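Engineer: After the structure tokens below, expect a handful of questions from me.
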Amino acid sequence: MTLSLSLPSFSAKLVPPSVYKAPTYSYRQKLQPFSSKDYNFQHLAGNLSVQQLHKAISTLDFASHQSTHHEQLVNCFLLLQACISSRSFELGKLLHHKLIDSGLELDSVFLSSLISLYSKCGDWKKAFSIFQSMGNKRDLVSWSAMISCFANNNMEFEALVTFLDMLEIGLYPNQYCFASVIRSCSNAKYASIGHIIFGIVMKTGYFDSDVCVGCTLIDMFAKGSYDMDSACKVFDKMAQKDVVTWTLMITRFAQLGCPGVAIDLFLTMLLNGYMPNGFTLSGVLSATAELEFLSLGQQLHSWVIRSGLASHDSVGCSLVDMYTKCAADGSVENSRKVFDRMPNHNVMSWTAIIRGYVQGSGQDKEAIKLFCDMLQGHVTPNHFTFYSVLKACANQEDLHFGKQLHAKLVKLGLSSVNSVGNALINMYARSGRMECARKSFDILFENNLISYSTIVNAHVNYLNSEEAFESFHNSKHTGVGVNSLTFANLLNGAACIGTIGKGEQIHARVVKSGFGSAQCINNALISMYSRCGNIETALRVFTDMGDRNVISWTSVITGFAKHGFATKALEMFYEMLQAGVKPNGVTYVAVLSACSHVGLIDEGWKHFNSMYKDHGVVPRMEHYACVVDLLGRSGSLSEAIEFINSMPFEANAVVWRTFLGSCRVHGNIKLGEHAAKMILEQDPHDQSAHVLLSNLYASKGQWKDVGAIRKAMKQKSITKEAGSSWIEVENKVHKFNLGDKSHPQAEKIYDELDRLASKIKSLGYVPNTDFVLHDVEDEQKEQYLFRHSEKIAVAFGLISTPKLKPIRVFKDFRVCGDCHAAMKYISMATGREIVVRDATRFHHIMDGTCSCNDYW
DNA sequence: CTAGGGTTAG
């Protein structure tokens with residue numbers, strides 16, 4: 001549906017305000033006490049409690065002759081107003097039904113209020129039927145009420161059409177009408193119409209004279225186009241301001257990521273003599289929470305108590321939230337105190353405290369308990385509540401409760417709401433139930449970037465590379481709630497898989513979205529390009545970005561390290577120190593691994609010794625593992641084991657696994673067995689220990705030992721995960737397993753493999769059957785080698801990509817030694833550059849040599 | 001009579 005609106009014909013229909021006559025009729029002037037002697041509505045209507053209202057309405061007696069019809073109407077009208085202002089909509093409806101039964105005729109004033117009643121309780125159909133039944137009794141007020149009703153119920157299109165219809169019949173809009181119609185332009189879809197109406201409002205003068213109109217305009221810019229500049233211009237030009245205006249500006253700045261500005265505005269507001277109310281406080285408290293500005297939060301809290309605003313619902317919620325977000329140690333104590341002292345709890349306060357337990361302290365069991373308490377207290381959870389509880393469930397080993405919630409959510413129709421759906425995806429993905437995760441994704445109302453980023457991350461964690469981006473391809477950028485973190489997540493997904501095509505697409509979206517300068521995005525871009533094999537572009541992003549932090553530097557150093565450019569990595573490291581950026585633990589992992597990838601043993605030692613001494617970074621297990629790798633990889637196995645024994649804490653499986661890897665490379669069975677023993681002591685089911693040791697035996701031809709390990713694995717029901725390789729061609733990821741024939745072009749691929757085999761043999765390639773891990777005849781061994789997934793991926797790359805482009809292959813495990821050798825020959829035979837990323841590093845293979853110098 | 005401001009999220 002589109003709405004076309006052209007300014008000339010539109011304004012030609014406007015009648016000047018003086019022509020329009022406001023109704024002279026007023027209920028206020030003709031108040032009379034109603035039949036029941038118990039209530040003097042004239043005084044009480046505004047202050048009736050819900051119980052009193054209920055009694056008054058249920059005891060209404062229209063048959064009584066003590067008062068005239070008009071007096072009865074006047075009093076009913078007051079009751080209706082009381083119902084609306086106390087949000088007792090059910091009572092309001094009861095009143096309406098009683099009036100219908102009484103047969104009293106309702107005038108346009110009364111009917112407009114009824115439209116408002118139904119509008120506010122969400123029953124726009126009823127409101128509309130009243131409006132339609134009014135026929136020619138419709139006046140400006142009833143039109144305004146109807147427009148407002150559509151705006152309230154997310155029917156912007158209908159609101160705008162109604163507005164146009166009203167102009168059509170020659171009514172001139174007043175401030176109420178403008179406020180409603182502008183509100184429906186807060187939807188980004190109608191931003192351009194909003195600008196036209198803005199122009200008209202400027203001419204009418206309502207913009208200067210009416211605070212409400214100004215407020216809706218501010219919101220139109222803030223909500224519809226995230227355009228705080230224009231919002232500020234409206235704010236500055238407004239002749240009249242009040243608490244609401246200030247509050248609006250404060251909350252919008254806080255919501256749009258400028259909490260500092262929000263707090264400044266709050267102070268300016270105080271300096272200008274405005275008295276903040278509950279809404280203001282809750283807005284500024286959110287800003288405070290966002291900045292984790294605890295001391296200001298505490299000051300505001302004491303002010304809240306002194307000013308008596310503590311009983312304000314949303315202030316309580318904001319305080320609960322502020323204390324959880326500001327607690328450096330994640331404690332919920334302060335939040336809990338605020339929560340317990342709140343006079344009444346609603347969905348929001350329950351959700352705030354539950355969220356506190358989940359996010360702050362990770363006390364998931366307590367969060368689930370609170371959720372049950374909430375249900376017991378008959379408070380209905382909303383999708384935010386479910387979001388938090390599902391997060392708590394995701395951390396439980398037993399998904400029983402989580403599944404129950406899922407069933408409940410389906411019944412409530414909430415499972416397709418984005419935030420809930422994302423929480424479900426997360427919950428299932430965490431426990432590896434990818435099918436359930438996928439189903440939760442498929443039923444989402446709106447597959448926006450955030451849900452894509454959730455499912456992509458979920459798949460990435462389980463290395464379902466071909467599925468991860470399958471859906472991303474068609475994703476639409478809805479822009480709703482997307483922030484820099486969304487993009488960073490997506491980039492991380494692309495990086496994990498190594499799909500540079502998707503990575504570039506996301507990069508383009510980032511640029512379009514205006515998040516291009518965000519530091520976390522640039523850091524993610526550096527990492528993405530480098531992990532996808534394009535270190536040059538990674539470096540360019542790094543050079544071009546304005547504001548670099550440790551993460552930016554570390555990302556680029558890691559990039560160089562992984563690509564085997566140790567000297568470049570170390571140069572960057574020194575440059576970073578020169579720039580005055582303090583290295584952290586991750587930086588040292590990058591530096592040490594750079595050294596170990598090229599065998600710079602002395603340099604590595606130097607940094608390991610200086611990290612604490614010169615930069616105060618305490619070496620952790622992973623740093624020790626780097627040194628073990630540094631020594632072991634270079635063949636100094638006995639030094640490595642000496643180093644392990646001298647560590648200040650007991651080596652964990654990671655360290656031993658690193659060492660076992662070195663034993664495999666250098667063929668040392670005795671030390672390898674020891675390492676495997678140490679790993680299995682910590683975890684008898686460790687898969688890598690079994691596989692590495694078995695491979696070590698196999699390479700030495702000790703088939704009996706290989707068999708023994710196989711048997712042991714079978715007994716412990718440990719399965720060997722099959723390694724796989726993948727390659728991206730024309731934006732699609734093609735994944736291959738060992739001996740894979742499932743690809744549609746399998747026949748062509750295997751033909752190419754055969755051709756390659758004979759071609760490279762003539763160049764001197766000798767199959768290295770040490771890498772065949774089964775005990776079979778030599779001839780068969782050779783065939784086995786040519787079924788390796790990395791060779792299949794390379795062959796596919798050769799037949800399906802243009803000649804000049806490098807072939808980028810990814811493997812989830814270490815590349816096999818024979819494949820590595822074969823690829824060097826293949827690069828010679830075909831003149832193609834082959835880039836391989838395996839579990840540990842990159843290999844750039846060209847003209848028969850590899851950037852790793854066969855040291856890896 | 002009809003209009004403006006609030007919490008929680010990936």
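Ordered as shown in the structure tokens, chains take letters A, B, and onward, while each chain numbers its residues from 1 and ligands are numbered from 1 in the order shown.
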Please, which residues of chain A lie no more than 7 Å from chain B when the count uses only C-alpha atoms (C1' of nucleotides), and can they be set out as a ChimeraX atom specification?
Structural biologist: /A:109-110,112-113,141-142,144-145,175-177,179-180,212-213,215-216,244,247-248,279,282,314,317-318,348,351-352,384,419,422,450
Engineer: Any chance you could list, as a ChimeraX atom specification, the residues in segment 629-841 of chain A that come up helix (DSSP H, G or I) when DSSP is run on the backbone?
Structural biologist: /A:629-633,637-645,653-666,669-682,687-699,703-715,746-762,769-771,778-785,789-800,817-830
Engineer: To one decimal place in Å, what is the distance between atom CA of Glu575 of chain A and atom CA of His597 of chain A?
Structural biologist: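 Separation between atom CA of Glu575 of chain A and atom CA of His597 of chain A: 20.6 Å.
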Engineer: Any idea what's packed within 9 Å of Ile727 of chain A, counting only C-alpha atoms (C1' of nucleotides), ignoring anything in its chain fewer than 4 positions away? Could you give it as an MDAnalysis selection string?
Structural biologist: chainID A and resid 498:499 732:736 793:794 796:797 807:810
Engineer: Please compute the atom CA of Phe163 of chain A-atom CA of Ser186 of chain A distance, one decimal, in Å.
Structural biologist: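 Going from atom CA of Phe163 of chain A over to atom CA of Ser186 of chain A, I get 15.3 Å.
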Engineer: Between A:Cys532, A:Gly377, A:Asp683, A:Ser133, which is the closest to Val835 of chain A once you count only C-alpha atoms?
Structural biologist: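 Among the listed residues, A:Cys532 lies closest to Val835 of chain A.
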Engineer: Just how far from atom CA of Lys369 of chain A is atom CA of Thr288 of chain A, in Å to one decimal?
Structural biologist: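 Interatomic distance here is 28.6 Å.
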